[in-house]
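Asker: Handing you this structure, nothing more for now.
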Amino acid sequence: MECVKSIVLPISKPAPASAGVTGTWRTYRPVVNLEKCIDCGLCWLYCPESVIDWEKGEKVKIDYTYCKGCGICAEVCPVKAIDMEPEEGV
Ligand code: SF4
Ligand code: SF4
């Protein structure tokens with residue numbers, strides 16, 4: 001039997017190529033209520049696309065070019081500071 005010398009696993013991450021852009025098909029977008037946000041960083045930690053920009057003491061920012069609207073950030077936010085709002089025209 002032949003040995004498999006290496007296994008390459010796919011890694012999901014945002015890419016600058018057109019295949020990574022989600023703006024045309026996302027149906028919901030996460031909107032952060034900064035007044036409710038307690039700066040915990042959980043949304044940043046759990047976002048599967050790594051499109052949330054967060055640093056302690058800085059405002060949470062989401063890159064909508066690559067966000068797929070999955071809603072995980074809204075689910076994990078302990079104070080419900082993220083609302084999933086319908087995209088206009090989708
Ligand atoms: S909706 Fe999904 S992809 Fe978009 S910022 Fe939240 S966790 Fe990331
Ligand atoms: S998970 Fe919620 S409270 Fe925590 S940084 Fe993100 S938006 Fe703010």
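FYI, nothing fancy with the structure tokens labels: chains A, B, ... in order, residues from 1 per chain, ligands from 1 as they appear.
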Could you give me, as JSON lines, a per-residue list for chain A showing, wherever an atom lies at most 9 Å from an atom of ligand 2, the closest pair of atoms and their distance in Å to one decimal, using only C-alpha atoms and all ligand atoms and sorting by chain then residue number from low to high?

Answerer:
{"residue": "A:Val31", "atom": "CA", "partner": "ligand 2", "partner_atom_place_in_ligand_line": "7 (S)", "distance": 8.8}
{"residue": "A:Val32", "atom": "CA", "partner": "ligand 2", "partner_atom_place_in_ligand_line": "7 (S)", "distance": 5.8}
{"residue": "A:Asn33", "atom": "CA", "partner": "ligand 2", "partner_atom_place_in_ligand_line": "7 (S)", "distance": 7.2}
{"residue": "A:Leu34", "atom": "CA", "partner": "ligand 2", "partner_atom_place_in_ligand_line": "8 (Fe)", "distance": 7.1}
{"residue": "A:Lys36", "atom": "CA", "partner": "ligand 2", "partner_atom_place_in_ligand_line": "3 (S)", "distance": 6.9}
{"residue": "A:Cys37", "atom": "CA", "partner": "ligand 2", "partner_atom_place_in_ligand_line": "8 (Fe)", "distance": 3.7}
{"residue": "A:Ile38", "atom": "CA", "partner": "ligand 2", "partner_atom_place_in_ligand_line": "3 (S)", "distance": 4.3}
{"residue": "A:Asp39", "atom": "CA", "partner": "ligand 2", "partner_atom_place_in_ligand_line": "5 (S)", "distance": 4.0}
{"residue": "A:Cys40", "atom": "CA", "partner": "ligand 2", "partner_atom_place_in_ligand_line": "4 (Fe)", "distance": 3.9}
{"residue": "A:Gly41", "atom": "CA", "partner": "ligand 2", "partner_atom_place_in_ligand_line": "5 (S)", "distance": 3.9}
{"residue": "A:Leu42", "atom": "CA", "partner": "ligand 2", "partner_atom_place_in_ligand_line": "1 (S)", "distance": 4.3}
{"residue": "A:Cys43", "atom": "CA", "partner": "ligand 2", "partner_atom_place_in_ligand_line": "1 (S)", "distance": 4.1}
{"residue": "A:Trp44", "atom": "CA", "partner": "ligand 2", "partner_atom_place_in_ligand_line": "6 (Fe)", "distance": 6.4}
{"residue": "A:Leu45", "atom": "CA", "partner": "ligand 2", "partner_atom_place_in_ligand_line": "1 (S)", "distance": 8.5}
{"residue": "A:Tyr46", "atom": "CA", "partner": "ligand 2", "partner_atom_place_in_ligand_line": "1 (S)", "distance": 8.9}
{"residue": "A:Ile52", "atom": "CA", "partner": "ligand 2", "partner_atom_place_in_ligand_line": "6 (Fe)", "distance": 8.7}
{"residue": "A:Trp54", "atom": "CA", "partner": "ligand 2", "partner_atom_place_in_ligand_line": "5 (S)", "distance": 7.2}
{"residue": "A:Glu55", "atom": "CA", "partner": "ligand 2", "partner_atom_place_in_ligand_line": "5 (S)", "distance": 8.8}
{"residue": "A:Lys56", "atom": "CA", "partner": "ligand 2", "partner_atom_place_in_ligand_line": "5 (S)", "distance": 8.5}
{"residue": "A:Lys59", "atom": "CA", "partner": "ligand 2", "partner_atom_place_in_ligand_line": "5 (S)", "distance": 8.3}
{"residue": "A:Val60", "atom": "CA", "partner": "ligand 2", "partner_atom_place_in_ligand_line": "5 (S)", "distance": 6.3}
{"residue": "A:Cys73", "atom": "CA", "partner": "ligand 2", "partner_atom_place_in_ligand_line": "1 (S)", "distance": 6.5}
{"residue": "A:Ala74", "atom": "CA", "partner": "ligand 2", "partner_atom_place_in_ligand_line": "2 (Fe)", "distance": 7.2}
{"residue": "A:Glu75", "atom": "CA", "partner": "ligand 2", "partner_atom_place_in_ligand_line": "1 (S)", "distance": 8.6}
{"residue": "A:Val76", "atom": "CA", "partner": "ligand 2", "partner_atom_place_in_ligand_line": "1 (S)", "distance": 6.2}
{"residue": "A:Cys77", "atom": "CA", "partner": "ligand 2", "partner_atom_place_in_ligand_line": "1 (S)", "distance": 3.7}
{"residue": "A:Pro78", "atom": "CA", "partner": "ligand 2", "partner_atom_place_in_ligand_line": "2 (Fe)", "distance": 6.0}
{"residue": "A:Val79", "atom": "CA", "partner": "ligand 2", "partner_atom_place_in_ligand_line": "3 (S)", "distance": 5.8}
{"residue": "A:Lys80", "atom": "CA", "partner": "ligand 2", "partner_atom_place_in_ligand_line": "2 (Fe)", "distance": 6.3}
{"residue": "A:Ala81", "atom": "CA", "partner": "ligand 2", "partner_atom_place_in_ligand_line": "2 (Fe)", "distance": 5.0}
{"residue": "A:Ile82", "atom": "CA", "partner": "ligand 2", "partner_atom_place_in_ligand_line": "7 (S)", "distance": 5.7}

Asker: Hey, which residues sit close to ligand 1? Say within 6 Å, counting only C-alpha atoms and all ligand atoms, and write them as a list in words.

Answerer: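 Listing the residues within 6 Å of ligand 1 gives Pro30, Cys47, Pro48, Glu49, Val51, Ile52, Ile62, Cys67, Lys68, Gly69, Cys70, Gly71, Ile72 and Cys73 of chain A.
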
Asker: Take atom CA of Thr22 of chain A and atom CA of Glu58 of chain A and report the distance between them in Å, one decimal.

Answerer: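 Separating atom CA of Thr22 of chain A from atom CA of Glu58 of chain A is a distance of 25.1 Å.
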
Asker: Would you compute the distance between atom CA of Asp83 of chain A and atom CA of Tyr66 of chain A? Give it in Å to one decimal.

Answerer: 17.6 Å

Asker: Can you tell me how far atom CA of Glu87 of chain A sits from atom CA of Val21 of chain A, in Å to one decimal?

Answerer: 15.1 Å

Asker: Taking the backbone alone, and naming residues the way the document does, which bits of segment 19-89 of chain A are alpha helix (DSSP H) by DSSP, as a PyMOL selection string?

Answerer: chain A and resi 42-46+72-76
